[in-house]
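S.K.: So that you have it, the file is protein-v5.txt, and it contains compact mmCIF, C-alpha atoms (C1' of nucleotides):
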```txt
# COMPACT_ATOMS: atom_id res chain seq x y z
CA MET S 8 -19.73 44.02 -130.26
CA SER S 9 -16.28 44.71 -131.60
CA ASN S 10 -13.36 42.34 -132.09
CA ARG S 11 -11.01 45.18 -132.90
CA ALA S 12 -7.81 45.81 -131.03
CA PRO S 13 -7.94 48.81 -128.70
CA ARG S 14 -7.11 52.01 -130.45
CA THR S 15 -3.84 53.75 -129.61
CA PRO S 16 -4.32 57.49 -129.07
CA SER S 17 -2.99 59.46 -132.01
CA HIS S 18 -0.39 61.38 -130.08
CA GLN S 19 1.19 58.17 -128.77
CA VAL S 20 1.39 56.21 -132.01
CA ARG S 21 4.61 57.74 -133.23
CA GLU S 22 6.61 57.18 -130.08
CA GLU S 23 5.19 53.70 -129.62
CA VAL S 24 6.34 52.76 -133.10
CA ILE S 25 9.84 54.12 -132.52
CA ARG S 26 10.07 52.39 -129.16
CA ALA S 27 9.03 49.08 -130.73
CA ALA S 28 11.44 49.51 -133.64
CA ILE S 29 14.35 50.11 -131.27
CA GLU S 30 13.30 47.17 -129.13
CA ILE S 31 13.35 44.82 -132.10
CA LEU S 32 16.66 46.11 -133.41
CA ASP S 33 18.23 45.97 -129.96
CA THR S 34 17.11 42.40 -129.42
CA ASN S 35 17.30 40.71 -132.81
CA GLY S 36 19.17 43.06 -135.06
CA PRO S 37 17.95 43.80 -138.58
CA ASP S 38 16.72 40.25 -139.21
CA GLY S 39 13.18 40.35 -137.87
CA PHE S 40 12.82 44.05 -138.46
CA THR S 41 9.70 44.27 -140.64
CA VAL S 42 6.82 46.67 -140.90
CA ARG S 43 4.37 44.12 -139.59
CA ALA S 44 6.62 43.08 -136.69
CA VAL S 45 7.20 46.67 -135.59
CA ALA S 46 3.47 47.37 -135.74
CA ASP S 47 2.67 44.25 -133.73
CA VAL S 48 5.18 45.03 -130.98
CA ALA S 49 3.93 48.61 -130.87
CA GLY S 50 0.35 47.35 -130.59
CA VAL S 51 -0.58 49.35 -133.65
CA ALA S 52 -1.88 48.73 -137.15
CA SER S 53 0.70 48.34 -139.92
CA MET S 54 -0.75 51.35 -141.63
CA ALA S 55 0.46 53.53 -138.77
CA ILE S 56 3.98 53.23 -140.15
CA TYR S 57 2.75 54.72 -143.42
CA ASN S 58 0.52 57.35 -141.83
CA HIS S 59 3.04 58.58 -139.25
CA PHE S 60 6.23 57.95 -141.19
CA GLU S 61 6.80 57.46 -144.85
CA GLY S 62 6.89 53.70 -144.66
CA MET S 63 9.92 51.73 -143.59
CA ASN S 64 12.25 54.35 -145.03
CA GLY S 65 10.72 57.14 -143.00
CA LEU S 66 10.87 55.06 -139.85
CA LEU S 67 14.55 54.36 -140.45
CA ASP S 68 15.16 58.03 -141.03
CA ALA S 69 13.50 58.85 -137.70
CA LEU S 70 15.73 56.29 -135.99
CA TRP S 71 18.76 57.71 -137.80
CA LYS S 72 18.01 61.21 -136.57
CA GLU S 73 17.25 60.11 -133.03
CA GLY S 74 20.44 58.07 -133.03
CA PHE S 75 22.71 60.89 -134.14
CA ASP S 76 21.06 63.41 -131.82
CA GLY S 77 21.62 61.13 -128.86
CA PHE S 78 25.10 60.45 -130.11
CA ALA S 79 25.92 64.14 -130.19
CA SER S 80 24.62 64.53 -126.65
CA ALA S 81 26.58 61.55 -125.43
CA LEU S 82 29.83 62.89 -126.91
CA GLY S 83 29.29 66.50 -125.99
CA THR S 84 29.32 66.40 -122.19
CA THR S 85 31.92 69.10 -121.63
CA THR S 86 33.45 69.76 -118.24
CA GLY S 87 35.86 72.44 -119.33
CA ASN S 88 38.94 70.25 -119.08
CA ALA S 89 39.94 69.44 -122.65
CA ARG S 90 41.83 66.30 -121.75
CA SER S 91 39.08 64.69 -119.71
CA ASP S 92 36.48 65.82 -122.23
CA LEU S 93 38.35 64.01 -124.98
CA MET S 94 38.81 60.91 -122.87
CA SER S 95 35.21 60.74 -121.76
CA ALA S 96 34.03 61.35 -125.32
CA GLY S 97 36.00 58.30 -126.34
CA LEU S 98 34.54 56.25 -123.54
CA ASN S 99 31.04 57.56 -124.15
CA TYR S 100 31.31 56.67 -127.82
CA ARG S 101 31.50 53.00 -126.98
CA ARG S 102 29.10 53.27 -124.08
CA TYR S 103 26.46 54.84 -126.30
CA ALA S 104 26.95 52.28 -129.05
CA LEU S 105 26.69 49.32 -126.68
CA SER S 106 23.64 50.66 -124.89
CA HIS S 107 21.94 51.65 -128.17
CA ARG S 108 22.80 48.74 -130.42
CA GLY S 109 19.70 49.23 -132.50
CA LEU S 110 20.31 52.87 -133.25
CA TYR S 111 24.01 52.27 -133.83
CA THR S 112 23.04 49.54 -136.27
CA VAL S 113 20.92 51.98 -138.24
CA MET S 114 23.60 54.68 -138.16
CA PHE S 115 26.66 52.63 -138.94
CA LEU S 116 26.35 48.88 -139.15
CA HIS S 117 23.65 47.88 -141.58
CA THR S 118 22.67 48.85 -145.09
CA PHE S 119 18.90 48.77 -144.99
CA LYS S 120 17.16 48.03 -148.25
CA HIS S 121 16.62 51.22 -150.26
CA PHE S 122 17.37 53.38 -147.22
CA LYS S 123 19.00 56.73 -147.76
CA ALA S 124 19.11 59.28 -144.98
CA SER S 125 17.19 62.48 -145.61
CA ALA S 126 18.75 65.92 -145.67
CA GLU S 127 17.79 66.42 -142.02
CA GLY S 128 19.31 63.05 -141.26
CA ASP S 129 22.57 64.01 -142.89
CA TYR S 130 22.49 67.26 -140.97
CA ALA S 131 22.07 65.43 -137.67
CA ALA S 132 25.03 63.24 -138.56
CA ALA S 133 27.13 66.24 -139.48
CA LYS S 134 26.25 67.92 -136.20
CA ALA S 135 27.37 64.88 -134.23
CA PHE S 136 30.62 64.93 -136.15
CA GLN S 137 31.01 68.60 -135.34
CA VAL S 138 30.87 67.84 -131.63
CA LEU S 139 33.86 65.61 -132.13
CA GLU S 140 35.63 68.20 -134.22
CA ASN S 141 35.16 70.81 -131.49
CA LEU S 142 36.68 68.47 -128.95
CA VAL S 143 39.66 68.02 -131.24
CA ARG S 144 40.02 71.79 -131.63
CA ASN S 145 39.92 72.26 -127.88
CA GLY S 146 42.59 69.61 -127.59
CA GLN S 147 44.72 71.43 -130.14
CA ARG S 148 44.31 74.68 -128.23
CA GLU S 149 45.49 72.95 -125.07
CA LYS S 150 48.43 71.42 -126.94
CA LEU S 151 47.12 67.92 -126.29
CA ILE S 152 46.65 67.22 -129.98
CA ARG S 153 49.01 68.17 -132.76
CA ALA S 154 48.27 70.97 -135.19
CA GLY S 155 46.57 70.15 -138.43
CA ASN S 156 43.20 70.03 -140.14
CA SER S 157 40.72 69.40 -137.34
CA ILE S 158 38.26 67.68 -139.65
CA ASP S 159 40.85 65.17 -140.75
CA LEU S 160 41.96 64.59 -137.18
CA ALA S 161 38.39 64.19 -135.97
CA GLN S 162 37.85 61.65 -138.73
CA LEU S 163 40.79 59.67 -137.37
CA VAL S 164 39.30 59.68 -133.88
CA TRP S 165 35.91 58.68 -135.18
CA SER S 166 37.38 55.93 -137.38
CA THR S 167 39.35 54.48 -134.51
CA CYS S 168 36.43 54.36 -132.08
CA HIS S 169 34.02 53.12 -134.69
CA GLY S 170 36.31 50.35 -135.87
CA PHE S 171 36.64 48.87 -132.43
CA VAL S 172 32.96 49.10 -131.63
CA ALA S 173 31.87 47.80 -135.02
CA LEU S 174 34.02 44.68 -134.74
CA GLU S 175 32.91 44.18 -131.16
CA LEU S 176 29.23 44.36 -132.05
CA LYS S 177 29.73 42.10 -135.06
CA GLY S 178 31.39 39.52 -132.86
CA GLU S 179 34.75 39.82 -134.64
CA ASN S 180 36.62 40.62 -131.49
CA PHE S 181 39.52 38.28 -130.79
CA SER S 182 40.62 40.17 -127.71
CA THR S 183 39.81 38.66 -124.35
CA ASN S 184 39.47 41.65 -122.04
CA THR S 185 37.56 43.98 -124.29
CA ASP S 186 37.04 46.82 -121.82
CA GLU S 187 40.73 47.16 -121.03
CA ASN S 188 41.63 46.88 -124.68
CA TYR S 189 39.33 49.78 -125.53
CA ASP S 190 41.07 51.85 -122.88
CA ALA S 191 44.33 50.90 -124.57
CA LEU S 192 42.86 51.99 -127.90
CA LEU S 193 42.04 55.44 -126.54
CA LEU S 194 45.48 55.82 -124.98
CA MET S 195 47.04 54.75 -128.28
CA LEU S 196 44.90 57.29 -130.04
CA PHE S 197 45.97 60.21 -127.87
CA GLU S 198 49.58 59.09 -127.92
CA GLY S 199 49.47 58.93 -131.71
CA LEU S 200 47.87 62.35 -132.04
CA ARG S 201 49.74 64.27 -129.34
CA ALA S 202 51.38 67.56 -130.13
CA MET C 18 13.54 22.57 -181.45
CA SER C 19 14.43 23.93 -178.04
CA ASN C 20 13.77 27.34 -176.50
CA ARG C 21 15.98 26.59 -173.53
CA ALA C 22 18.90 28.70 -172.51
CA PRO C 23 22.30 27.15 -173.28
CA ARG C 24 23.50 24.88 -170.55
CA THR C 25 26.50 25.92 -168.50
CA PRO C 26 28.99 23.06 -168.04
CA SER C 27 28.82 21.68 -164.51
CA HIS C 28 32.39 22.53 -163.57
CA GLN C 29 31.87 26.18 -164.47
CA VAL C 30 28.60 26.82 -162.68
CA ARG C 31 30.07 27.37 -159.26
CA GLU C 32 32.65 29.93 -160.31
CA GLU C 33 30.20 31.70 -162.60
CA VAL C 34 27.79 32.11 -159.70
CA ILE C 35 30.49 33.47 -157.42
CA ARG C 36 31.71 35.83 -160.11
CA ALA C 37 28.19 37.13 -160.66
CA ALA C 38 27.55 37.50 -156.94
CA ILE C 39 30.70 39.58 -156.50
CA GLU C 40 29.83 41.65 -159.55
CA ILE C 41 26.42 42.53 -158.13
CA LEU C 42 27.75 43.31 -154.67
CA ASP C 43 30.60 45.39 -156.09
CA THR C 44 28.24 47.41 -158.24
CA ASN C 45 25.03 47.79 -156.26
CA GLY C 46 25.82 46.59 -152.76
CA PRO C 47 23.44 44.31 -150.91
CA ASP C 48 20.28 45.92 -152.30
CA GLY C 49 19.75 44.02 -155.55
CA PHE C 50 21.53 40.94 -154.29
CA THR C 51 18.94 38.21 -154.76
CA VAL C 52 19.06 34.56 -155.76
CA ARG C 53 17.30 35.25 -159.01
CA ALA C 54 19.50 38.23 -159.87
CA VAL C 55 22.72 36.33 -159.22
CA ALA C 56 21.49 33.44 -161.34
CA ASP C 57 20.53 35.78 -164.17
CA VAL C 58 23.88 37.56 -164.20
CA ALA C 59 25.67 34.22 -164.05
CA GLY C 60 23.57 32.96 -166.97
CA VAL C 61 22.42 30.05 -164.88
CA ALA C 62 19.18 28.67 -163.47
CA SER C 63 18.17 29.82 -159.99
CA MET C 64 18.28 26.25 -158.81
CA ALA C 65 22.04 26.21 -159.39
CA ILE C 66 22.44 28.24 -156.22
CA TYR C 67 20.70 25.45 -154.31
CA ASN C 68 22.45 22.61 -156.12
CA HIS C 69 25.97 24.05 -155.90
CA PHE C 70 25.65 25.94 -152.64
CA GLU C 71 23.16 25.60 -149.87
CA GLY C 72 20.98 28.44 -151.03
CA MET C 73 21.73 32.07 -150.36
CA ASN C 74 23.40 31.24 -147.07
CA GLY C 75 25.83 28.83 -148.66
CA LEU C 76 26.68 31.33 -151.36
CA LEU C 77 27.38 33.98 -148.75
CA ASP C 78 29.55 31.55 -146.86
CA ALA C 79 31.55 30.85 -150.01
CA LEU C 80 32.03 34.60 -150.50
CA TRP C 81 33.00 34.96 -146.84
CA LYS C 82 35.68 32.30 -147.17
CA GLU C 83 36.98 33.65 -150.45
CA GLY C 84 37.08 37.12 -148.95
CA PHE C 85 39.05 36.19 -145.87
CA ASP C 86 41.45 33.99 -147.83
CA GLY C 87 42.21 36.85 -150.19
CA PHE C 88 42.43 39.18 -147.24
CA ALA C 89 45.01 37.00 -145.57
CA SER C 90 47.05 36.90 -148.78
CA ALA C 91 46.82 40.65 -149.21
CA LEU C 92 48.03 41.31 -145.67
CA GLY C 93 50.67 38.62 -145.59
CA THR C 94 53.12 39.79 -148.24
CA THR C 95 56.27 39.63 -146.12
CA THR C 96 59.53 41.09 -147.29
CA GLY C 97 61.51 40.35 -144.15
CA ASN C 98 61.60 43.93 -142.96
CA ALA C 99 59.17 44.13 -140.06
CA ARG C 100 58.60 47.84 -140.35
CA SER C 101 57.77 47.87 -144.06
CA ASP C 102 55.73 44.70 -143.66
CA LEU C 103 53.57 46.40 -141.06
CA MET C 104 53.22 49.52 -143.13
CA SER C 105 52.32 47.71 -146.32
CA ALA C 106 49.87 45.52 -144.44
CA GLY C 107 48.11 48.66 -143.34
CA LEU C 108 48.06 50.05 -146.84
CA ASN C 109 47.02 46.72 -148.32
CA TYR C 110 44.16 46.47 -145.87
CA ARG C 111 42.49 49.49 -147.38
CA ARG C 112 43.56 48.62 -150.91
CA TYR C 113 41.97 45.19 -150.65
CA ALA C 114 38.78 46.56 -149.14
CA LEU C 115 38.37 49.22 -151.82
CA SER C 116 39.11 46.85 -154.68
CA HIS C 117 36.87 44.13 -153.23
CA ARG C 118 33.93 46.12 -151.96
CA GLY C 119 31.56 43.21 -152.40
CA LEU C 120 33.62 40.75 -150.41
CA TYR C 121 34.41 43.34 -147.76
CA THR C 122 30.69 43.99 -147.49
CA VAL C 123 30.03 40.34 -146.80
CA MET C 124 32.91 40.09 -144.34
CA PHE C 125 32.38 43.28 -142.37
CA LEU C 126 29.78 45.73 -143.51
CA HIS C 127 26.42 44.07 -143.90
CA THR C 128 24.29 41.73 -141.80
CA PHE C 129 22.72 39.47 -144.39
CA LYS C 130 19.38 37.96 -143.45
CA HIS C 131 19.83 34.74 -141.50
CA PHE C 132 23.50 34.51 -142.47
CA LYS C 133 25.91 32.97 -140.05
CA ALA C 134 29.39 31.99 -141.17
CA SER C 135 30.17 28.29 -141.04
CA ALA C 136 32.95 26.76 -138.96
CA GLU C 137 35.24 26.84 -142.00
CA GLY C 138 34.27 30.45 -142.52
CA ASP C 139 35.18 31.34 -138.98
CA TYR C 140 38.44 29.48 -139.41
CA ALA C 141 39.29 31.50 -142.51
CA ALA C 142 38.58 34.69 -140.59
CA ALA C 143 40.73 33.57 -137.68
CA LYS C 144 43.56 32.73 -140.05
CA ALA C 145 43.42 36.19 -141.59
CA PHE C 146 43.57 37.67 -138.11
CA GLN C 147 46.56 35.48 -137.33
CA VAL C 148 48.45 37.00 -140.23
CA LEU C 149 47.99 40.36 -138.58
CA GLU C 150 48.98 38.99 -135.20
CA ASN C 151 52.20 37.59 -136.65
CA LEU C 152 53.05 40.97 -138.11
CA VAL C 153 52.53 42.50 -134.68
CA ARG C 154 54.76 39.90 -133.09
CA ASN C 155 57.48 40.57 -135.61
CA GLY C 156 57.12 44.24 -134.83
CA GLN C 157 57.49 43.53 -131.15
CA ARG C 158 60.60 41.45 -131.77
CA GLU C 159 62.10 44.35 -133.70
CA LYS C 160 61.13 46.77 -130.92
CA LEU C 161 58.84 48.67 -133.26
CA ILE C 162 55.77 47.82 -131.20
CA ARG C 163 55.54 47.81 -127.45
CA ALA C 164 55.38 44.62 -125.40
CA GLY C 165 52.01 43.19 -124.52
CA ASN C 166 49.40 40.68 -125.60
CA SER C 167 49.82 40.40 -129.35
CA ILE C 168 46.19 39.45 -129.86
CA ASP C 169 44.98 42.57 -128.13
CA LEU C 170 47.43 44.71 -130.05
CA ALA C 171 46.48 43.11 -133.36
CA GLN C 172 42.85 43.81 -132.52
CA LEU C 173 43.73 47.48 -132.12
CA VAL C 174 45.42 47.55 -135.52
CA TRP C 175 42.51 45.77 -137.13
CA SER C 176 39.97 48.06 -135.46
CA THR C 177 41.77 51.16 -136.55
CA CYS C 178 42.07 50.14 -140.19
CA HIS C 179 38.55 48.75 -140.34
CA GLY C 180 37.01 51.85 -138.81
CA PHE C 181 38.48 54.13 -141.42
CA VAL C 182 37.60 51.89 -144.33
CA ALA C 183 34.10 51.17 -143.06
CA LEU C 184 33.24 54.85 -142.75
CA GLU C 185 34.82 55.55 -146.11
CA LEU C 186 32.80 52.85 -147.86
CA LYS C 187 29.62 53.91 -146.07
CA GLY C 188 30.14 57.47 -147.28
CA GLU C 189 30.55 58.85 -143.75
CA ASN C 190 33.90 60.35 -144.48
CA PHE C 191 34.12 64.06 -143.74
CA SER C 192 37.79 64.30 -144.60
CA THR C 193 38.74 65.86 -147.91
CA ASN C 194 41.97 64.13 -148.87
CA THR C 195 41.15 60.59 -147.89
CA ASP C 196 44.34 58.95 -149.14
CA GLU C 197 46.62 61.23 -147.15
CA ASN C 198 44.42 60.93 -144.10
CA TYR C 199 44.70 57.16 -144.19
CA ASP C 200 48.47 57.52 -144.29
CA ALA C 201 48.13 59.75 -141.24
CA LEU C 202 46.03 57.08 -139.57
CA LEU C 203 48.73 54.46 -140.06
CA LEU C 204 51.42 56.80 -138.77
CA MET C 205 49.25 57.60 -135.76
CA LEU C 206 48.80 53.89 -135.19
CA PHE C 207 52.50 53.09 -135.17
CA GLU C 208 53.27 56.13 -133.08
CA GLY C 209 50.65 55.09 -130.56
CA LEU C 210 51.89 51.51 -130.39
CA ARG C 211 55.63 52.09 -130.49
CA ALA C 212 57.88 50.50 -127.87
C1' DC K 28 -25.45 65.17 -130.52
C1' DT K 29 -23.29 65.60 -134.77
C1' DT K 30 -19.14 65.89 -137.59
C1' DC K 31 -14.82 64.69 -138.92
C1' DC K 32 -10.23 62.88 -138.32
C1' DA K 33 -7.57 58.90 -138.01
C1' DA K 34 -6.64 54.10 -136.25
C1' DT K 35 -8.25 49.80 -137.51
C1' DA K 36 -8.87 45.28 -140.43
C1' DG K 37 -8.14 43.05 -144.51
C1' DA K 38 -7.21 42.37 -149.23
C1' DA K 39 -4.15 43.01 -153.04
C1' DC K 40 0.35 43.55 -155.69
C1' DA K 41 5.18 42.60 -156.97
C1' DC K 42 9.19 40.67 -155.18
C1' DT K 43 11.94 37.76 -151.90
C1' DG K 44 14.13 32.89 -150.37
C1' DT K 45 13.06 28.31 -150.75
C1' DC K 46 11.47 23.98 -152.48
C1' DC K 47 9.29 20.75 -155.76
C1' DT K 48 8.49 18.59 -160.24
C1' DA K 49 9.30 17.46 -164.94
C1' DT K 50 12.19 17.89 -169.03
C1' DA K 51 16.26 17.44 -171.57
C1' DG K 52 21.29 18.19 -172.38
C1' DT K 53 25.82 16.06 -171.01
C1' DT K 54 28.79 12.64 -169.46
C1' DA K 55 30.16 8.09 -168.14
C1' DT K 56 29.70 3.39 -168.41
C1' DA K 57 28.69 -1.16 -170.51
C1' DT D 20 27.85 2.88 -180.13
C1' DA D 21 24.00 2.50 -177.07
C1' DT D 22 22.32 2.78 -172.64
C1' DA D 23 22.28 4.71 -167.93
C1' DA D 24 23.27 8.18 -164.53
C1' DC D 25 23.81 12.73 -163.62
C1' DT D 26 22.54 17.51 -163.57
C1' DA D 27 21.21 22.09 -165.68
C1' DT D 28 17.00 23.88 -167.06
C1' DA D 29 11.98 25.76 -166.84
C1' DG D 30 8.23 26.77 -164.22
C1' DG D 31 5.19 26.58 -160.53
C1' DA D 32 4.26 26.83 -155.55
C1' DC D 33 4.59 28.68 -150.74
C1' DA D 34 5.24 31.86 -146.88
C1' DG D 35 7.08 36.41 -145.94
C1' DT D 36 8.49 41.01 -147.51
C1' DG D 37 7.22 46.48 -148.47
C1' DT D 38 3.59 48.95 -150.16
C1' DT D 39 -1.04 50.64 -151.33
C1' DC D 40 -6.06 50.62 -151.35
C1' DT D 41 -10.56 50.06 -149.32
C1' DA D 42 -14.08 50.17 -145.82
C1' DT D 43 -15.19 50.43 -141.01
C1' DT D 44 -15.40 52.58 -136.65
C1' DG D 45 -13.43 54.65 -132.26
C1' DG D 46 -12.78 59.07 -130.26
C1' DA D 47 -12.28 63.94 -129.97
C1' DA D 48 -13.84 68.66 -131.34
C1' DG D 49 -17.56 71.61 -132.50
```
Show me, as C-alpha cells, the structure contained in the file I just sent.

M.R.:
Amino acid sequence: MSNRAPRTPSHQVREEVIRAAIEILDTNGPDGFTVRAVADVAGVASMAIYNHFEGMNGLLDALWKEGFDGFASALGTTTGNARSDLMSAGLNYRRYALSHRGLYTVMFLHTFKHFKASAEGDYAAAKAFQVLENLVRNGQREKLIRAGNSIDLAQLVWSTCHGFVALELKGENFSTNTDENYDALLLMLFEGLRA
Amino acid sequence: MSNRAPRTPSHQVREEVIRAAIEILDTNGPDGFTVRAVADVAGVASMAIYNHFEGMNGLLDALWKEGFDGFASALGTTTGNARSDLMSAGLNYRRYALSHRGLYTVMFLHTFKHFKASAEGDYAAAKAFQVLENLVRNGQREKLIRAGNSIDLAQLVWSTCHGFVALELKGENFSTNTDENYDALLLMLFEGLRA
DNA sequence: CTTCCAATAGAACACTGTCCTATAGTTATA
DNA sequence: TATAACTATAGGACAGTGTTCTATTGGAAG
C-alpha cells in the first residue's frame, strides 16, 4: 500500500500553485510566502514549483504577469465617454488593488529576494501603463486634460493613485473616511490636470 | 598573542551598526541586508545586533525612527511664507527619499520579515505626518488650500508625493524627464487643492 | 499490457535569524 | 594599583529558507 499524497493531474498543477500563492499573499503578505508553504497549500510537491516554474523567481514572474494583465483589463473598461472612462479607471485602480492585495504586492509593494521581472513581465507592465496613457490621450482630445506629453501625464495619474493605495495597504493612512478621501483624490487629480 | 578582531568601543557600536545598515540598504536594497552582513560592514560581532538592539527587528525599528525623524526635519523647514513652505516641503519630500533610499525603503517601500514598528516608531511616523498637516493648515489659513479636514488633505499630499517617489525608486517610471515631471506633480497638487 | 512522462518523497547544501557558551579586552571601583 | 564588573568577541547550534539531486511510482498514451 502507498502512503503517498494523491497525485495532482499535470494540467492542474500550474493553476493550483498560482492559486495557492495568491491565497497566501492575500492573507499573510510576503511573510509566510515560501516554496514549501505554497506547495503545501496547493496540495503539491515542492518540486512542482521548479518543474512548472523556474523556482520562486519564475512563480513570482507568473504572478507579476497575471497581475499586470488583470490590471490592464480593470483599467481598460471603456464606455466611449472619456470623462467617465477616466473616472472609473481611477476608481478601478483602487478596487483592483484592494481586491488583489497579493498581486498588487508583487507588482508594486514588495521587493522579493532576487526577483527581477522577465522581459515578458516588463512588457505586461508597459501594456498596462499604455492603457492609462490612452485614457489620458482621450481626455486630452476631449479637452478634459491639458495638452502635454501623455506619458508624463499618465505617470502623474499613476503616481497619484498608487501613492494613496500603497499607503492604505501599508496601514499608513491617517484619514478616517478612506473611501471619500480617495474620491477627493481623483477630483483633485482631474482638477489639477484640466485643460 | 591574539587573533581576535579589534574591539569596537561600546559607545560606538550602536552608531556603527546603524551606519552599516544604512550603507547596505542604500547600496543593495533589502536583498543582502542580513544580520551577519551588517555586522561585517560595521566591523562588529553579529551578537552586537542582539546586545545593542533586539535583533534584526530592533535594528529595523531604530532605522524606522531615525528615518521618520529626519523626514520630519526635512519637511519642516519653515520660512514663514506658507506658499513657499508647502512647495519646498514637496520638493524636500523627494529630495529626502532619493538621498536616503535605505531609510525610505524601511519606512515605505519594503515589508521586512516579521517587522512591526514599535509604539515609539509609530509615534515618530505620526509626528512626521503632523508636520505635513501643519503645513496644510497654514496653507488653508492663507487661502492657498481649500477648507476641509486637514488630516484628509494632508493624506492626499502625502499620497501624491509618495506615489511618484515610490514608482521612481522601484524603477516603474515611464516618464523621461523625471525632475520636471515631479515639479508638474506638485503644481498639479496645489492646483487641485486650491481654495 | 507495456512504455514513458512526470508528480511524489526525502535528503542534501549554503544561507538566514536567533540564541547559547566561553574567552578576553575595557572600564570602573575599592 | 589591583580587583571586579561589564561587554565585545569567536564559534557553534537550531529551525527555516531557496535550491538541487535522487529514487520511486501513479497515470496516461501507444

S.K.: Provide the atom C1' of DA24 of chain D to atom C1' of DT53 of chain K distance in Å, to one decimal place.

M.R.: 10.5 Å

S.K.: Contacts of segment 42-46 of chain K at 12 Å or less, counting only C-alpha atoms (C1' of nucleotides), minus same-chain residues fewer than 6 places along, as an MDAnalysis selection string?

M.R.: (chainID C and resid 48:54 63:64 66:68 71:74 130:131) or (chainID D and resid 31:38)

S.K.: Might you pull out every residue within 6 Å of segment 156-171 of chain S, with all atoms listed in the file counted and same-chain residues fewer than 5 positions away left off, and present them as a PyMOL selection string?

M.R.: (chain S and resi 140) or (chain C and resi 176-177+179-181+192)

S.K.: Atoms to include: C-alpha atoms. Write the selected residues as an mmCIF file, in the frame of the given file.

M.R.:
```cif
data_model
loop_
_atom_site.group_PDB
_atom_site.id
_atom_site.type_symbol
_atom_site.label_atom_id
_atom_site.label_comp_id
_atom_site.auth_asym_id
_atom_site.auth_seq_id
_atom_site.Cartn_x
_atom_site.Cartn_y
_atom_site.Cartn_z
ATOM 1 C CA GLU S 140 35.630 68.200 -134.220
ATOM 2 C CA SER C 176 39.970 48.060 -135.460
ATOM 3 C CA THR C 177 41.770 51.160 -136.550
ATOM 4 C CA HIS C 179 38.550 48.750 -140.340
ATOM 5 C CA GLY C 180 37.010 51.850 -138.810
ATOM 6 C CA PHE C 181 38.480 54.130 -141.420
ATOM 7 C CA SER C 192 37.790 64.300 -144.600
#
```

S.K.: Using 8 Å as the limit and counting only C-alpha atoms (C1' of nucleotides), can you tabulate each residue of chain D that touches chain C, with its shortest atom-to-atom distance in Å and the two atoms involved, as JSON lines?

M.R.:
```
{"residue": "D:DT26", "atom": "C1'", "partner": "C:Ser27", "partner_atom": "CA", "distance": 7.6}
{"residue": "D:DA27", "atom": "C1'", "partner": "C:Arg24", "partner_atom": "CA", "distance": 6.1}
{"residue": "D:DT28", "atom": "C1'", "partner": "C:Ala62", "partner_atom": "CA", "distance": 6.4}
{"residue": "D:DA29", "atom": "C1'", "partner": "C:Arg21", "partner_atom": "CA", "distance": 7.8}
```

S.K.: Quote the spacing between atom CA of Ala28 of chain S and atom CA of Val172 of chain S in Å to one decimal place.

M.R.: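 Going from atom CA of Ala28 of chain S over to atom CA of Val172 of chain S, I get 21.6 Å.
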
S.K.: Show me, as a PyMOL selection string, the residues of chain K whose atoms get within 8 Å of chain S, using only C-alpha atoms (C1' of nucleotides) for the distance check.

M.R.: chain K and resi 33-36

S.K.: Have a look at C:Ala143, C:Leu42, C:Ala106, C:Leu186 and name the one nearest to Gly119 of chain C; count all atoms listed in the file.

M.R.: C:Leu42

S.K.: Suppose you want the space between atom CA of Gly84 of chain C and atom CA of Ser116 of chain C; what is it in Å?

M.R.: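 These atoms are spaced 11.5 Å apart.
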
S.K.: Which neighbours of Phe132 of chain C fall inside 12 Å, counting only C-alpha atoms (C1' of nucleotides), when residues of the same chain fewer than 5 positions from it are skipped, and could you give them as a ChimeraX atom specification?

M.R.: /S:37-38 /C:71-81,123-124,127,138

S.K.: Using only C-alpha atoms, which of the listed residues (C:Tyr140, C:Gly156, C:Phe125, C:Gly97) sits closest to chain S?

M.R.: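 When distances to chain S are compared using only C-alpha atoms, the smallest one comes from C:Phe125.
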
S.K.: When you count all atoms listed in the file, which of these residues is closest to chain C: S:Arg144, S:Lys150, S:Lys177, S:His18?

M.R.: S:Lys177
